[in-house]
Amino acid sequence: MPPSSIEPTPSQAAAERARPAGHPPAAPSLTDRAVRFASAFIGGPFGDHAVDPPRRKFWIPIRVILLTGLIAFAVNWLQKYPCSAGGWVDWQQYTGACYTDIRALWGAERLNEGFIPYKDHPVEYPVLTGWFMGVLGQIAYRLGAVAGTDGGPIFWHLNAIVLFVCGAAAIAVLHRIRTDNRRTDLPGPSPDPALVHSRPSRPWDAMMLAAAPVILVTATVNWDLFAVALSMPFFLYWQRSRPVMAGLFLGLAVAAKFYALLFIGPLLVLALRQKRILPALQATATAALVWAVFNGPVAYLWPDSWMRFFELNSERPVDWGTGWYVLRGVTGWERLWDSEFVNDMYLALFALSCLGIAALGFFAQRRTAGGAFGLKAPSTEDVVPRLAQLCFLVIATFLLFGKVWSQQYVLWLLPLVVLARPKWGFFLVWQAAELFYFFAFYGKMLQVSAEDGRGIPEGLFLAAAASRWIAVAVMCALVVQEILIPRLDAVRSLPVRPKRAAPTPPPREAAGRAPAAAP
């Protein structure tokens with residue numbers, strides 16, 4: 001989790017004071033159509049006679065946002081509570097949609113016997129997540145032994161508390177990123193502070209993460225919030241031109257969940273475009289070193305256990321709810337039962353997608369930003385694709401074409417969507433599709449597990465999975481559109497180019513030559 005050093009240094013505070021006048025924090029009720037519409041139920045949008053900035057001392061944006069997030073986490077705790085005791089009967093974990101890997105793996109990973117991950121039992125997770133569950137597992141096991149009770153509920157509640165802290169940290173860091181909202185694409189080692197802070201502050205964007213509906217049901221399905229909390233400072237420190245600290249947290253995030261490794265590609269593409277490769281190499285090298293520090297000892301001492309994560313991912317068949325599953329269910333294509341064929345197809349499609357995203361990041365608005373193929377001096381116009389936009393596209397295509405798409409993976413996308421496209425309208429449509437899939441998934445699990453005909457039909461499950469796939473694909477298309485047309489990007493807040501005025505029609509009496517007098 002991020003340290004207290006996310007507070008601005010004196011030099012950063014001075015740069016913040018250099019933010020040009022006329023750029024107050026963006027009010028969502030004025031800048032977002034969906035929020036403007038919803039604000040009508042509580043009195044309408046921010047008015048002309050309102051005090052700006054508001055004269056509040058305690059209920060500043062970060063406290064309101066964190067309180068919202070804590071309420072969401074509390075609802076998630078209540079939603080999962082029926083499954084926290086274990087001993088699920090009559091498929092309670094599916095009928096109540098309260099299943100959580102954390103409680104299930106208490107026994108499956110033999111933490112209930114006091115086993116230490118990797119040393120005593122192979123673990124299907126990257127090292128830092130394995131240590132996370134191992135440390136809390138040891139605490140729960142010993143507390144249960146002292147109390148003479150099962151440590152499973154203790155283990156779940158301990159994990160829920162720490163994951164909620166991770167979630168609050170991720171919200172706080174995202175708030176800091178958007179409050180600062182500085183540019184990282186300016187040429188030269190010391191760009192003009194007025195240009196660096198030319199984008200308006202957007203502190204309320206963090207509310208999209210705190211109030212996201214999927215948080216209510218997926219926050220504690222697995223340990224993904226831990227990786228999300230570690231990945232967010234990477235964007236903060238990169239934005240602040242501190243590549244070593246950015247690499248530190250990137251390495252920690254990759255050691256917790258491998259998806260963060262995919263951030264390196266967009267980082268290098270933008271570095272090549274801006275001809276600032278050294279900071280990107282510093283961040284990448286630091287991340288590799290940090291990852292090796294955590295993985296090296298485990299790989300050396302218990303190589304078979306360490307390899308379990310990689311072997312499992314290569315051997316897994318097509319998972320529920322993926323695009324491949326939907327395609328197989330709709331077409332009946334038998335070849336899609338072959339995991340090796342799907343592996344090859346997935347790698348080919350994902351590689352092509354990455355090449356397309358790299359080309360988009362390198363060439364989009366190239367003539368505007370720096371002349372054709374960089375032959376002219378770089379421009380200060382804010383048109384270079386943002387790192388978060390490219391990272392979102394890479395992670396989204398990884399899921400769209402992957403053979404595994406667990407329900408909690410939405411937490412990977414959630415902060416990236418907020419950073420890439422902080423607009424509530426389609427964001428809520430996407431969230432609705434994710435919730436539809438979440439509950440349909442448990443209906444499907446009940447259908448294949450129970451023997452009394454309960455559950456949902458296959459067609460409904462395919463519709464839910466397809467709706468999620470389509471929603472993420474449309475979000476990708478919207479992000480690509482904003483990369484190609486930067487003035488649509490809410491983060492940049494660029495003024496709309498004025499339309500060319502139509503020529504003024506001549507006066508009616510001067511429209512043509514006067515007719516000749518009649519003879």
# chains A, B, ... in the order shown; residues from 1 in each chain; ligands from 1
>>> residues_around(residues="region 136-141 of chain A", least_positions_apart="3", cutoff="10 Å", atoms="only C-alpha atoms", output="list in words")
Trp106, Glu109, Arg110, Leu111, Asn112, Glu113, Gly114, Phe115, Ile116, Pro117, Trp131, Phe132, Met133, Gly144, Ala145, Val146, Ala147, Thr149, Asp150, Gly151, Gly152, Pro153, Ile154, Phe155, Trp156, His157, Leu158, Asn159 and Val162 of chain A
>>> write_last_selection(atoms="N, CA and C atoms", output="mmCIF file, in the first residue's frame")
data_model
loop_
_atom_site.group_PDB
_atom_site.id
_atom_site.type_symbol
_atom_site.label_atom_id
_atom_site.label_comp_id
_atom_site.auth_asym_id
_atom_site.auth_seq_id
_atom_site.Cartn_x
_atom_site.Cartn_y
_atom_site.Cartn_z
ATOM 1 N N TRP A 106 -9.105 -21.213 2.355
ATOM 2 C CA TRP A 106 -8.639 -21.477 3.721
ATOM 3 C C TRP A 106 -8.365 -22.965 3.911
ATOM 4 N N GLU A 109 -5.969 -24.465 0.348
ATOM 5 C CA GLU A 109 -4.525 -24.224 0.426
ATOM 6 C C GLU A 109 -3.934 -24.716 1.740
ATOM 7 N N ARG A 110 -4.766 -25.401 2.538
ATOM 8 C CA ARG A 110 -4.356 -26.039 3.791
ATOM 9 C C ARG A 110 -3.822 -25.033 4.807
ATOM 10 N N LEU A 111 -4.340 -23.834 4.709
ATOM 11 C CA LEU A 111 -4.011 -22.844 5.727
ATOM 12 C C LEU A 111 -4.640 -23.221 7.062
ATOM 13 N N ASN A 112 -5.738 -23.975 7.016
ATOM 14 C CA ASN A 112 -6.400 -24.423 8.239
ATOM 15 C C ASN A 112 -5.557 -25.413 9.030
ATOM 16 N N GLU A 113 -4.483 -25.932 8.416
ATOM 17 C CA GLU A 113 -3.568 -26.841 9.108
ATOM 18 C C GLU A 113 -2.271 -26.146 9.502
ATOM 19 N N GLY A 114 -2.230 -24.829 9.302
ATOM 20 C CA GLY A 114 -1.033 -24.092 9.651
ATOM 21 C C GLY A 114 0.056 -24.154 8.602
ATOM 22 N N PHE A 115 -0.284 -24.583 7.380
ATOM 23 C CA PHE A 115 0.720 -24.695 6.327
ATOM 24 C C PHE A 115 1.174 -23.303 5.877
ATOM 25 N N ILE A 116 2.441 -23.215 5.524
ATOM 26 C CA ILE A 116 3.010 -21.979 4.993
ATOM 27 C C ILE A 116 3.034 -22.069 3.474
ATOM 28 N N PRO A 117 2.431 -21.088 2.780
ATOM 29 C CA PRO A 117 2.410 -21.138 1.312
ATOM 30 C C PRO A 117 3.811 -21.289 0.728
ATOM 31 N N TRP A 131 2.133 -14.609 0.033
ATOM 32 C CA TRP A 131 2.584 -14.180 1.354
ATOM 33 C C TRP A 131 1.478 -13.450 2.103
ATOM 34 N N PHE A 132 0.688 -12.680 1.374
ATOM 35 C CA PHE A 132 -0.452 -11.978 1.978
ATOM 36 C C PHE A 132 -1.368 -12.984 2.666
ATOM 37 N N MET A 133 -1.777 -14.004 1.929
ATOM 38 C CA MET A 133 -2.679 -14.998 2.519
ATOM 39 C C MET A 133 -1.966 -15.819 3.586
ATOM 40 N N GLY A 144 -7.204 -19.120 16.217
ATOM 41 C CA GLY A 144 -8.184 -20.185 16.335
ATOM 42 C C GLY A 144 -7.738 -21.271 17.298
ATOM 43 N N ALA A 145 -6.438 -21.575 17.292
ATOM 44 C CA ALA A 145 -5.925 -22.593 18.205
ATOM 45 C C ALA A 145 -6.029 -22.124 19.653
ATOM 46 N N VAL A 146 -5.728 -20.872 19.899
ATOM 47 C CA VAL A 146 -5.812 -20.339 21.258
ATOM 48 C C VAL A 146 -7.265 -20.329 21.734
ATOM 49 N N ALA A 147 -8.171 -19.934 20.823
ATOM 50 C CA ALA A 147 -9.586 -19.846 21.203
ATOM 51 C C ALA A 147 -10.299 -21.189 21.132
ATOM 52 N N THR A 149 -11.258 -22.778 18.388
ATOM 53 C CA THR A 149 -12.312 -22.696 17.383
ATOM 54 C C THR A 149 -11.704 -22.722 15.992
ATOM 55 N N ASP A 150 -12.565 -22.851 15.002
ATOM 56 C CA ASP A 150 -12.111 -22.833 13.618
ATOM 57 C C ASP A 150 -11.605 -21.435 13.259
ATOM 58 N N GLY A 151 -10.422 -21.383 12.668
ATOM 59 C CA GLY A 151 -9.854 -20.092 12.297
ATOM 60 C C GLY A 151 -10.368 -19.560 10.984
ATOM 61 N N GLY A 152 -11.237 -20.299 10.276
ATOM 62 C CA GLY A 152 -11.721 -19.863 8.971
ATOM 63 C C GLY A 152 -12.428 -18.525 8.995
ATOM 64 N N PRO A 153 -13.437 -18.341 9.878
ATOM 65 C CA PRO A 153 -14.095 -17.018 9.932
ATOM 66 C C PRO A 153 -13.122 -15.906 10.315
ATOM 67 N N ILE A 154 -12.193 -16.202 11.221
ATOM 68 C CA ILE A 154 -11.192 -15.202 11.591
ATOM 69 C C ILE A 154 -10.372 -14.816 10.364
ATOM 70 N N PHE A 155 -9.986 -15.826 9.585
ATOM 71 C CA PHE A 155 -9.191 -15.584 8.387
ATOM 72 C C PHE A 155 -9.940 -14.694 7.406
ATOM 73 N N TRP A 156 -11.214 -14.991 7.205
ATOM 74 C CA TRP A 156 -11.970 -14.181 6.244
ATOM 75 C C TRP A 156 -12.096 -12.734 6.713
ATOM 76 N N HIS A 157 -12.423 -12.534 7.991
ATOM 77 C CA HIS A 157 -12.618 -11.176 8.490
ATOM 78 C C HIS A 157 -11.305 -10.394 8.490
ATOM 79 N N LEU A 158 -10.199 -11.045 8.823
ATOM 80 C CA LEU A 158 -8.904 -10.371 8.758
ATOM 81 C C LEU A 158 -8.610 -9.909 7.333
ATOM 82 N N ASN A 159 -8.843 -10.799 6.368
ATOM 83 C CA ASN A 159 -8.614 -10.444 4.975
ATOM 84 C C ASN A 159 -9.522 -9.310 4.537
ATOM 85 N N VAL A 162 -8.176 -5.933 5.899
ATOM 86 C CA VAL A 162 -6.978 -5.452 5.210
ATOM 87 C C VAL A 162 -7.307 -5.060 3.772
#
>>> closest_atom_pairs(of="region 331-445 of chain A", to="region 269-275 of chain A", cutoff="9 Å", atoms="only C-alpha atoms", output="Markdown table")
| residue | atom | partner | partner_atom | distance |
| --- | --- | --- | --- | --- |
| A:Ala358 | CA | A:Val269 | CA | 6.2 |
| A:Ala359 | CA | A:Val269 | CA | 8.6 |
| A:Gly361 | CA | A:Leu270 | CA | 6.5 |
| A:Phe362 | CA | A:Arg273 | CA | 5.5 |
| A:Phe363 | CA | A:Arg273 | CA | 8.1 |
| A:Arg366 | CA | A:Arg273 | CA | 8.9 |
| A:Gly374 | CA | A:Arg273 | CA | 8.6 |
| A:Pro378 | CA | A:Gln274 | CA | 8.6 |
| A:Val384 | CA | A:Leu270 | CA | 8.4 |
| A:Pro385 | CA | A:Leu270 | CA | 7.9 |
| A:Arg386 | CA | A:Leu270 | CA | 8.4 |
| A:Leu387 | CA | A:Leu270 | CA | 7.4 |
>>> residues_around(residues="region 308-314 of chain A", least_positions_apart="2", cutoff="12 Å", atoms="only C-alpha atoms", output="ChimeraX atom specification")
/A:117-118,121-127,129-130,255-258,298-299,302-306,316-319,339-344,346-347,402-405
>>> write_last_selection(atoms="C-alpha atoms", output="PDB file, in the first residue's frame")
ATOM      1  CA  PRO A 117       2.410 -21.138   1.312  1.00  0.00           C
ATOM      2  CA  TYR A 118       5.116 -22.387  -1.076  1.00  0.00           C
ATOM      3  CA  HIS A 121       1.984 -26.360  -0.069  1.00  0.00           C
ATOM      4  CA  PRO A 122       2.057 -25.003  -3.655  1.00  0.00           C
ATOM      5  CA  VAL A 123      -0.029 -21.868  -4.182  1.00  0.00           C
ATOM      6  CA  GLU A 124      -1.736 -20.824  -7.410  1.00  0.00           C
ATOM      7  CA  TYR A 125      -1.007 -17.124  -6.892  1.00  0.00           C
ATOM      8  CA  PRO A 126       2.016 -14.853  -7.414  1.00  0.00           C
ATOM      9  CA  VAL A 127       4.403 -14.601  -4.486  1.00  0.00           C
ATOM     10  CA  THR A 129      -0.388 -12.513  -2.805  1.00  0.00           C
ATOM     11  CA  GLY A 130       0.750 -15.894  -1.473  1.00  0.00           C
ATOM     12  CA  ALA A 255       4.577  -9.524  -7.608  1.00  0.00           C
ATOM     13  CA  ALA A 256       0.971  -9.487  -6.343  1.00  0.00           C
ATOM     14  CA  LYS A 257      -0.914  -9.974  -9.654  1.00  0.00           C
ATOM     15  CA  PHE A 258       0.698 -10.387 -13.048  1.00  0.00           C
ATOM     16  CA  VAL A 298      10.862 -18.503  -3.279  1.00  0.00           C
ATOM     17  CA  ALA A 299      11.954 -19.712  -6.736  1.00  0.00           C
ATOM     18  CA  TRP A 302      10.745 -24.080  -3.488  1.00  0.00           C
ATOM     19  CA  PRO A 303      10.931 -24.079  -7.308  1.00  0.00           C
ATOM     20  CA  ASP A 304       8.058 -26.525  -7.846  1.00  0.00           C
ATOM     21  CA  SER A 305       5.685 -24.498  -5.697  1.00  0.00           C
ATOM     22  CA  TRP A 306       6.791 -21.279  -7.373  1.00  0.00           C
ATOM     23  CA  ARG A 316      -6.374 -24.046 -17.691  1.00  0.00           C
ATOM     24  CA  PRO A 317      -9.178 -24.684 -20.190  1.00  0.00           C
ATOM     25  CA  VAL A 318     -11.608 -22.038 -21.443  1.00  0.00           C
ATOM     26  CA  ASP A 319     -13.204 -20.492 -18.381  1.00  0.00           C
ATOM     27  CA  SER A 339      -7.016 -25.563 -24.754  1.00  0.00           C
ATOM     28  CA  GLU A 340      -3.842 -25.527 -26.873  1.00  0.00           C
ATOM     29  CA  PHE A 341      -5.741 -24.163 -29.883  1.00  0.00           C
ATOM     30  CA  VAL A 342      -7.379 -21.487 -27.743  1.00  0.00           C
ATOM     31  CA  ASN A 343      -3.981 -20.618 -26.254  1.00  0.00           C
ATOM     32  CA  ASP A 344      -2.552 -20.073 -29.723  1.00  0.00           C
ATOM     33  CA  TYR A 346      -5.496 -15.930 -27.714  1.00  0.00           C
ATOM     34  CA  LEU A 347      -1.778 -15.179 -28.025  1.00  0.00           C
ATOM     35  CA  GLY A 402      -8.155 -14.260 -22.727  1.00  0.00           C
ATOM     36  CA  LYS A 403      -9.371 -17.718 -21.816  1.00  0.00           C
ATOM     37  CA  VAL A 404      -9.862 -16.766 -18.145  1.00  0.00           C
ATOM     38  CA  TRP A 405     -12.042 -13.854 -17.015  1.00  0.00           C
TER      39      TRP A 405
END
>>> residues_around(residues="region 352-355 of chain A", least_positions_apart="6", cutoff="9 Å", atoms="only C-alpha atoms", output="ChimeraX atom specification")
/A:265,393-394,397-398
>>> closest_residue(among="A:Ala40, A:Phe73, A:Ser201, A:Tyr94", to="Ser449 (chain A)", atoms="only C-alpha atoms")
A:Tyr94
>>> select_by_dssp(residues="region 140-375 of chain A", states="helix (DSSP H, G or I)", output="PyMOL selection string")
chain A and resi 140-147+152-180+193-196+203-210+215-218+224-239+243-256+258-274+277-301+303-315+323-331+334-337+339-363+366-370+372-374
>>> residues_around(residues="Asp224 (chain A)", least_positions_apart="3", cutoff="12 Å", atoms="only C-alpha atoms", output="ChimeraX atom specification")
/A:100-102,125-126,128-129,132-133,159-160,162-164,166-167,170,215,218-221,227-231,253-254,256-260,406-414
>>> residues_around(residues="Gly455 (chain A)", least_positions_apart="4", cutoff="7 Å", atoms="only C-alpha atoms", output="NGL selection string")
:A and (443-444 or 446-447)
>>> residues_around(residues="Tyr81 (chain A)", least_positions_apart="4", cutoff="9 Å", atoms="only C-alpha atoms", output="PyMOL selection string")
chain A and resi 76-77+85+98+157
>>> closest_residue(among="A:Leu261, A:Ala34, A:Ala168, A:Ala471", to="Ala74 (chain A)", atoms="only C-alpha atoms")
A:Ala168
>>> atom_distance(atom1="CA of Ala212 (chain A)", atom2="CA of Ile177 (chain A)")
18.1 Å
>>> closest_residue(among="A:His175, A:Gly107, A:Pro82, A:Gly44", to="Pro61 (chain A)", atoms="only C-alpha atoms")
A:His175
>>> atom_distance(atom1="CA of Ala283 (chain A)", atom2="CA of Val244 (chain A)")
5.2 Å
>>> atom_distance(atom1="CA of Arg33 (chain A)", atom2="CA of Arg55 (chain A)")
25.3 Å
>>> closest_residue(among="A:Ala211, A:Ala194, A:Leu349, A:Ala104", to="Gly69 (chain A)", atoms="only C-alpha atoms")
A:Ala211
>>> closest_residue(among="A:Ala288, A:Phe294, A:Ala206, A:Phe350", to="Ala246 (chain A)", atoms="only C-alpha atoms")
A:Ala288
>>> decode(residues="region 385-412 of chain A", atoms="N, CA and C atoms", output="PDB file, in the first residue's frame")
ATOM      1  N   PRO A 385      -1.431  10.707 -26.465  1.00  0.00           N
ATOM      2  CA  PRO A 385      -2.231   9.765 -25.680  1.00  0.00           C
ATOM      3  C   PRO A 385      -1.720   9.663 -24.245  1.00  0.00           C
ATOM      4  N   ARG A 386      -2.633   9.546 -23.320  1.00  0.00           N
ATOM      5  CA  ARG A 386      -2.257   9.451 -21.916  1.00  0.00           C
ATOM      6  C   ARG A 386      -1.926   8.003 -21.555  1.00  0.00           C
ATOM      7  N   LEU A 387      -1.006   7.831 -20.597  1.00  0.00           N
ATOM      8  CA  LEU A 387      -0.563   6.494 -20.198  1.00  0.00           C
ATOM      9  C   LEU A 387      -1.738   5.637 -19.746  1.00  0.00           C
ATOM     10  N   ALA A 388      -2.649   6.204 -18.963  1.00  0.00           N
ATOM     11  CA  ALA A 388      -3.778   5.421 -18.447  1.00  0.00           C
ATOM     12  C   ALA A 388      -4.678   4.935 -19.575  1.00  0.00           C
ATOM     13  N   GLN A 389      -4.820   5.730 -20.631  1.00  0.00           N
ATOM     14  CA  GLN A 389      -5.642   5.296 -21.771  1.00  0.00           C
ATOM     15  C   GLN A 389      -5.063   4.044 -22.416  1.00  0.00           C
ATOM     16  N   LEU A 390      -3.755   4.039 -22.657  1.00  0.00           N
ATOM     17  CA  LEU A 390      -3.136   2.877 -23.297  1.00  0.00           C
ATOM     18  C   LEU A 390      -3.118   1.680 -22.352  1.00  0.00           C
ATOM     19  N   CYS A 391      -2.875   1.910 -21.068  1.00  0.00           N
ATOM     20  CA  CYS A 391      -2.892   0.796 -20.108  1.00  0.00           C
ATOM     21  C   CYS A 391      -4.271   0.157 -20.043  1.00  0.00           C
ATOM     22  N   PHE A 392      -5.313   0.971 -20.041  1.00  0.00           N
ATOM     23  CA  PHE A 392      -6.662   0.406 -20.042  1.00  0.00           C
ATOM     24  C   PHE A 392      -6.898  -0.452 -21.275  1.00  0.00           C
ATOM     25  N   LEU A 393      -6.496   0.042 -22.434  1.00  0.00           N
ATOM     26  CA  LEU A 393      -6.721  -0.720 -23.663  1.00  0.00           C
ATOM     27  C   LEU A 393      -5.993  -2.051 -23.636  1.00  0.00           C
ATOM     28  N   VAL A 394      -4.769  -2.074 -23.109  1.00  0.00           N
ATOM     29  CA  VAL A 394      -4.010  -3.329 -23.059  1.00  0.00           C
ATOM     30  C   VAL A 394      -4.673  -4.326 -22.109  1.00  0.00           C
ATOM     31  N   ILE A 395      -5.038  -3.886 -20.914  1.00  0.00           N
ATOM     32  CA  ILE A 395      -5.667  -4.803 -19.951  1.00  0.00           C
ATOM     33  C   ILE A 395      -7.028  -5.260 -20.463  1.00  0.00           C
ATOM     34  N   ALA A 396      -7.784  -4.361 -21.071  1.00  0.00           N
ATOM     35  CA  ALA A 396      -9.109  -4.731 -21.582  1.00  0.00           C
ATOM     36  C   ALA A 396      -8.999  -5.772 -22.685  1.00  0.00           C
ATOM     37  N   THR A 397      -8.064  -5.601 -23.623  1.00  0.00           N
ATOM     38  CA  THR A 397      -7.923  -6.600 -24.688  1.00  0.00           C
ATOM     39  C   THR A 397      -7.382  -7.915 -24.138  1.00  0.00           C
ATOM     40  N   PHE A 398      -6.553  -7.835 -23.109  1.00  0.00           N
ATOM     41  CA  PHE A 398      -6.081  -9.054 -22.445  1.00  0.00           C
ATOM     42  C   PHE A 398      -7.265  -9.869 -21.916  1.00  0.00           C
ATOM     43  N   LEU A 399      -8.268  -9.195 -21.360  1.00  0.00           N
ATOM     44  CA  LEU A 399      -9.452  -9.885 -20.860  1.00  0.00           C
ATOM     45  C   LEU A 399     -10.395 -10.285 -21.988  1.00  0.00           C
ATOM     46  N   LEU A 400     -10.564  -9.426 -22.971  1.00  0.00           N
ATOM     47  CA  LEU A 400     -11.491  -9.721 -24.067  1.00  0.00           C
ATOM     48  C   LEU A 400     -11.063 -10.969 -24.834  1.00  0.00           C
ATOM     49  N   PHE A 401      -9.773 -11.172 -25.023  1.00  0.00           N
ATOM     50  CA  PHE A 401      -9.290 -12.311 -25.801  1.00  0.00           C
ATOM     51  C   PHE A 401      -8.730 -13.432 -24.936  1.00  0.00           C
ATOM     52  N   GLY A 402      -8.699 -13.241 -23.614  1.00  0.00           N
ATOM     53  CA  GLY A 402      -8.155 -14.260 -22.727  1.00  0.00           C
ATOM     54  C   GLY A 402      -9.103 -15.425 -22.544  1.00  0.00           C
ATOM     55  N   LYS A 403      -8.545 -16.532 -22.058  1.00  0.00           N
ATOM     56  CA  LYS A 403      -9.371 -17.718 -21.816  1.00  0.00           C
ATOM     57  C   LYS A 403      -9.830 -17.808 -20.363  1.00  0.00           C
ATOM     58  N   VAL A 404      -9.421 -16.851 -19.531  1.00  0.00           N
ATOM     59  CA  VAL A 404      -9.862 -16.766 -18.145  1.00  0.00           C
ATOM     60  C   VAL A 404     -10.308 -15.334 -17.880  1.00  0.00           C
ATOM     61  N   TRP A 405     -11.504 -15.185 -17.326  1.00  0.00           N
ATOM     62  CA  TRP A 405     -12.042 -13.854 -17.015  1.00  0.00           C
ATOM     63  C   TRP A 405     -12.913 -13.984 -15.772  1.00  0.00           C
ATOM     64  N   SER A 406     -12.261 -14.091 -14.637  1.00  0.00           N
ATOM     65  CA  SER A 406     -12.991 -14.243 -13.385  1.00  0.00           C
ATOM     66  C   SER A 406     -13.745 -12.962 -13.061  1.00  0.00           C
ATOM     67  N   GLN A 407     -14.800 -13.109 -12.277  1.00  0.00           N
ATOM     68  CA  GLN A 407     -15.679 -11.968 -12.006  1.00  0.00           C
ATOM     69  C   GLN A 407     -14.959 -10.838 -11.281  1.00  0.00           C
ATOM     70  N   GLN A 408     -13.954 -11.174 -10.451  1.00  0.00           N
ATOM     71  CA  GLN A 408     -13.259 -10.122  -9.706  1.00  0.00           C
ATOM     72  C   GLN A 408     -12.251  -9.354 -10.551  1.00  0.00           C
ATOM     73  N   TYR A 409     -12.006  -9.798 -11.785  1.00  0.00           N
ATOM     74  CA  TYR A 409     -11.067  -9.075 -12.643  1.00  0.00           C
ATOM     75  C   TYR A 409     -11.586  -7.689 -13.015  1.00  0.00           C
ATOM     76  N   VAL A 410     -12.871  -7.459 -12.778  1.00  0.00           N
ATOM     77  CA  VAL A 410     -13.410  -6.118 -13.028  1.00  0.00           C
ATOM     78  C   VAL A 410     -12.681  -5.084 -12.180  1.00  0.00           C
ATOM     79  N   LEU A 411     -12.126  -5.510 -11.033  1.00  0.00           N
ATOM     80  CA  LEU A 411     -11.384  -4.587 -10.182  1.00  0.00           C
ATOM     81  C   LEU A 411     -10.096  -4.116 -10.849  1.00  0.00           C
ATOM     82  N   TRP A 412      -9.534  -4.911 -11.755  1.00  0.00           N
ATOM     83  CA  TRP A 412      -8.360  -4.454 -12.512  1.00  0.00           C
ATOM     84  C   TRP A 412      -8.732  -3.268 -13.400  1.00  0.00           C
TER      85      TRP A 412
END
